[in-house]
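One structure below.
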Amino acid sequence: MDLKFKVIKESSCGARLGEFETRWGHHKTPMFMPVGTQATVKTLSPEELKDAHADIILSNTYHLWLRPGEDVVDNAGGLHNFMNYKTGPILTDCGGFQVFSLAKPKDISEEGVKFKSHLDGKNLLLTPEKSIEIQNKLGSDIIMSFDECPPYPVTHEYMKNSVERTLRWAKRSLDANKKRDTQAQFGIVQGGEFPDLRKFSAIETAKLDFDGYSVGGVSVGEDGETKLKMIEYATAYLPKDKIRYLMGVGEPMDLIDGVIRGIDIFDCVLPTRLARHGNALTRDGRTNLKNARFIKDLDPIEKDCDCYTCKNFSKSYIRHLLVSEESFGQRLISIHNIRFLTKLMEDIREHIEKDDLLEFREEFKERYLKNKK
RNA sequence: GCGAAAUUGGUGAAGUGGUUAACACGGUGGAUUGUGGUCCCAUUAUGCAAGGGUUCGAUUCCCUUAUUUCGCC
């Protein structure tokens with residue numbers, strides 16, 4: 001499905017202000033997608049997501065395949081109906097990342113990847129065709145082609161073979177997608193920190209007829225400078241008229257730096273995972289709300305934040321909930337953290353419009369990192 | 001009143017005549033980037049009820065006191 005993506009404005013620093021269309025309406029980029037691995041953004045209701053200005057969410061093929069099974073979701077009429085998320089699009093990840101993140105004895109062959117299920121140890125085979133078939137049944141708006149996300153670091157030789165295989169898998173993924181008219185499909189660029197392989201992967205993937213292109217294999221343990229280069233090596237060779245999605249990146253500074261390198265969409269578990277561990281994202285950096293200094297602090301997490309949490313609850317109360325292991329505390333911070341990132345993207349869009357994103361970056365960085373040693 | 005047993009950090013507790021008193025919880029910090037939600041890392045008792053004695057050395061043995069628990073009149 002054509003997303004009708006268009007770049008509205010490209011700023012002098014390389015950032016793009018854009019827009020695309022789905023059956024749910026128009027969506028502005030750059031944007032951030034909260035992650036809902038198991039058909040739920042952990043602890044949040046669809047209403048809360050909407051209120052936090054989450055426009056689109058990500059869900060996961062691998063997890064839904066294992067439980068409850070794609071047929072169960074299909075039976076409910078697709079993911080949107082199943083989870084009653086009716087306000088925006090859903091993108092499903094292909095399951096490729098789990099090869100890396102599960103880090104079990106893995107067997108990667110031309111055919112696909114052999115896993116042991118983390119639920120019952122059963123031997124499973126995920127192939128490009130199977131991943132697409134599952135995503136077709138899940139009925140997401142955007143599906144990802146099946147890739148391998150190698151760990152970091154890995155030898156140039158390993159990465160070269162992996163990139164070439166991922167490219168062949170991309171073609172098979174594209175061929176397997178019979179619902180192309182209803183679901184958009186993205187390809188994934190890999191190549192690790194190697195400029196030649198990133199370039200090769202970007203150019204060759206771009207030759208395939210995808211609706212968007214993502215940059216994968218980033219934020220897997222590399223240092224900050226390497227991370228930015230990985231992105232640059234890829235975006236330099238991606239078509240300008242297609243959406244670019246940087247997978248798994250969500251640190252506020254990384255979002256800004258990604259946008260400057262021409263990225264349009266991001267996803268990350270960070271806001272919700274940090275929330276479950278008691279950490280709030282703020283303009284002044286991360287704040288661990290479990291810290292004793294908040295015991296009697298009646299201020300909200302951020303005074304000028306428009307989220308439900310900040311409009312109604314104090315740090316003192318949230319700290320109490322966290323310390324008492326009440327899940328409402330995790331939920332309140334999740335709401336705030338997601339809103340923090342969607343607001344950051346709104347600010348970024350505004351500054352692309354004004355073409356002063358680099359100045360915004362400096363101001364933001366100064367304040368965000370000032371408490372870091 | 002008599003007899004017996006016990007007394008280790010904020011809590012539950014292990015332990016030994018000899019350099020840093022186990023473990024768990026709790027506390028305090030930290031970590032966290034396409035999520036295997038309740039995980040991970042660090043730190044947290046200069047002291048073993050109090051006082052005295054034996055000993056090269058005692059939290060560990062002995063005595064006294066205090067407190068607690070259980071029996072008996």
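Residues in the structure tokens are numbered from 1 in each chain, the chains being A, B, ... in the order shown, and ligands are numbered from 1 in the order shown.
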
I'd like the neighbourhood of region 294-301 of chain A as number ranges by chain, where a residue qualifies if any of its atoms comes within 7 Å (using only C-alpha atoms (C1' of nucleotides)), though same-chain residues fewer than 6 positions away should be ignored. A: 310, 313-316, 319

Can you list, as JSON, numbers by chain, every protein, DNA or RNA residue that comes within 12 Å of Gly258 (chain A) when you count only C-alpha atoms (C1' of nucleotides), leaving out same-chain residues fewer than 4 positions away? {"A": [13, 14, 15, 16, 30, 31, 32, 215, 218, 219, 224, 227, 228, 229, 230, 231, 232, 234, 235, 244, 245, 246, 247, 248, 249, 250, 251, 252, 253, 254, 262, 263, 264, 265, 266, 267, 345, 348, 357, 361]}

Write the residues of the selection above to a file with C-alpha atoms, as a JSON list (two decimals), in the first residue's frame.
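Listed below is the output, out24.json:
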[["chain", "number", "residue", "atom", "x", "y", "z"],
["A", 13, "CYS", "CA", 20.93, 20.50, 8.42],
["A", 14, "GLY", "CA", 19.41, 17.58, 6.56],
["A", 15, "ALA", "CA", 16.33, 17.00, 8.71],
["A", 16, "ARG", "CA", 13.04, 16.30, 6.92],
["A", 30, "PRO", "CA", 9.55, 12.90, 12.25],
["A", 31, "MET", "CA", 7.59, 10.77, 14.69],
["A", 32, "PHE", "CA", 8.12, 8.34, 17.51],
["A", 215, "VAL", "CA", 18.06, 1.29, 9.37],
["A", 218, "VAL", "CA", 21.90, 0.30, 15.53],
["A", 219, "SER", "CA", 22.12, 0.73, 19.30],
["A", 224, "GLY", "CA", 27.90, 6.98, 20.31],
["A", 227, "LYS", "CA", 26.17, 4.80, 16.10],
["A", 228, "LEU", "CA", 25.80, 8.11, 14.26],
["A", 229, "LYS", "CA", 28.12, 6.95, 11.50],
["A", 230, "MET", "CA", 26.11, 3.77, 11.02],
["A", 231, "ILE", "CA", 23.06, 5.93, 10.41],
["A", 232, "GLU", "CA", 24.85, 8.30, 8.05],
["A", 234, "ALA", "CA", 22.84, 4.18, 5.38],
["A", 235, "THR", "CA", 20.77, 7.33, 4.90],
["A", 244, "ARG", "CA", 13.26, 6.24, 6.68],
["A", 245, "TYR", "CA", 12.83, 4.40, 9.93],
["A", 246, "LEU", "CA", 15.58, 3.99, 12.51],
["A", 247, "MET", "CA", 14.83, 0.86, 14.48],
["A", 248, "GLY", "CA", 15.13, 0.65, 18.23],
["A", 249, "VAL", "CA", 16.46, 4.10, 18.96],
["A", 250, "GLY", "CA", 14.79, 6.29, 21.55],
["A", 251, "GLU", "CA", 17.28, 8.21, 23.69],
["A", 252, "PRO", "CA", 16.23, 11.85, 23.30],
["A", 253, "MET", "CA", 19.63, 12.97, 22.00],
["A", 254, "ASP", "CA", 19.70, 10.03, 19.59],
["A", 262, "GLY", "CA", 17.43, 12.29, 7.72],
["A", 263, "ILE", "CA", 15.44, 9.79, 9.78],
["A", 264, "ASP", "CA", 11.63, 10.09, 9.82],
["A", 265, "ILE", "CA", 10.40, 7.41, 12.23],
["A", 266, "PHE", "CA", 11.76, 5.87, 15.42],
["A", 267, "ASP", "CA", 10.60, 3.22, 17.82],
["A", 345, "MET", "CA", 9.10, 15.13, 18.13],
["A", 348, "ILE", "CA", 11.67, 18.87, 16.41],
["A", 357, "LEU", "CA", 17.04, 22.51, 14.61],
["A", 361, "ARG", "CA", 19.75, 20.58, 19.62]]

Output the contact residues of chain B with respect to chain A at a cut-off of 7 Å, based on only C-alpha atoms (C1' of nucleotides), as a PyMOL selection string. chain B and resi 32-36

Which residues are near C2 (chain B)? Cut-off 12 Å, only C-alpha atoms (C1' of nucleotides), ignore same chain within fewer than 3 positions. Put them as a ChimeraX atom specification. /B:71-73

Pull N, CA and C atoms (P, O5', C5', C4', C3', O3' and C1' of nucleotides) from the residues just selected and write them as a PDB file, in the first residue's frame.
ATOM      1  P     G B  71       4.381 -22.738  80.046  1.00  0.00           P
ATOM      2  O5'   G B  71       5.290 -23.857  80.693  1.00  0.00           O
ATOM      3  C5'   G B  71       4.913 -24.442  81.894  1.00  0.00           C
ATOM      4  C4'   G B  71       6.094 -25.121  82.538  1.00  0.00           C
ATOM      5  C3'   G B  71       5.906 -25.208  84.041  1.00  0.00           C
ATOM      6  O3'   G B  71       5.105 -26.337  84.364  1.00  0.00           O
ATOM      7  C1'   G B  71       8.038 -24.328  83.594  1.00  0.00           C
ATOM      8  P     C B  72       3.812 -26.125  85.331  1.00  0.00           P
ATOM      9  O5'   C B  72       4.475 -26.055  86.774  1.00  0.00           O
ATOM     10  C5'   C B  72       5.301 -27.137  87.237  1.00  0.00           C
ATOM     11  C4'   C B  72       6.052 -26.724  88.473  1.00  0.00           C
ATOM     12  C3'   C B  72       5.196 -26.072  89.570  1.00  0.00           C
ATOM     13  O3'   C B  72       4.504 -27.032  90.343  1.00  0.00           O
ATOM     14  C1'   C B  72       7.164 -24.815  89.259  1.00  0.00           C
ATOM     15  P     C B  73       3.072 -26.620  91.078  1.00  0.00           P
ATOM     16  O5'   C B  73       3.506 -25.705  92.305  1.00  0.00           O
ATOM     17  C5'   C B  73       4.106 -26.269  93.483  1.00  0.00           C
ATOM     18  C4'   C B  73       4.606 -25.167  94.390  1.00  0.00           C
ATOM     19  C3'   C B  73       3.513 -24.276  94.990  1.00  0.00           C
ATOM     20  O3'   C B  73       2.928 -24.877  96.135  1.00  0.00           O
ATOM     21  C1'   C B  73       5.299 -22.936  94.189  1.00  0.00           C
TER      22        C B  73
END

Going by DSSP on the backbone, which residues of region 186-254 of chain A come out as strand (DSSP E or B)? List them as a list of chain:residue names.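 Put together, the selection reads A:Phe186, A:Gly187, A:Ile188, A:Val189, A:Gly212, A:Tyr213, A:Ser214, A:Val215, A:Ile243, A:Arg244, A:Tyr245, A:Leu246.
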
I'd like the neighbourhood of U65 (chain B) as a list in words, where a residue qualifies if any of its atoms comes within 12 Å (using only C-alpha atoms (C1' of nucleotides)), though same-chain residues fewer than 5 positions away should be ignored. A49, A50, G51 and G52 of chain B

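Minimum distance to Thr182 (chain A) across A:Glu157, A:Glu350, A:Asp355, A:Asp141 (counting only C-alpha atoms) occurs at A:Asp141.
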
Can you work out the spacing between CA of Arg180 (chain A) and CA of Ile132 (chain A) in Å, to one decimal?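 It comes out at 10.5 Å.
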
Running DSSP on the backbone, which parts of region 249-334 of chain A land in alpha helix (DSSP H), as a ChimeraX atom specification? /A:252-260,270-276,308-312,315-323,327-334

Nearest to Lys160 (chain A), chosen from A:Asn177, A:Thr342, A:Gln190, A:Asn84, with only C-alpha atoms counted in the distances: A:Gln190

Shell around Tyr308 (chain A) at 9 Å using only C-alpha atoms (C1' of nucleotides), local window under 3 positions removed, as a PyMOL selection string: chain A and resi 48+51-52+305+311-313+332+335-336

Selection near G17 (chain B), 9 Å with only C-alpha atoms (C1' of nucleotides), sequence-local residues under 4 positions removed, as a list in words: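 Those residues are U55, G57, A58, U60 and C61 of chain B.
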
With distances taken over only C-alpha atoms, the candidate from A:Arg331, A:Lys365, A:Lys114, A:Lys28 nearest Leu49 (chain A) is A:Arg331

Report as a ChimeraX atom specification all protein, DNA and RNA residues lying within 12 Å of G12 (chain B), evaluated on only C-alpha atoms (C1' of nucleotides), omitting residues in the same chain fewer than 3 positions from it. /B:8-9,23-26

Counting only C-alpha atoms (C1' of nucleotides), the residue of B:A13, B:A21, B:A6, B:U44 that sits nearest U59 (chain B): B:A21
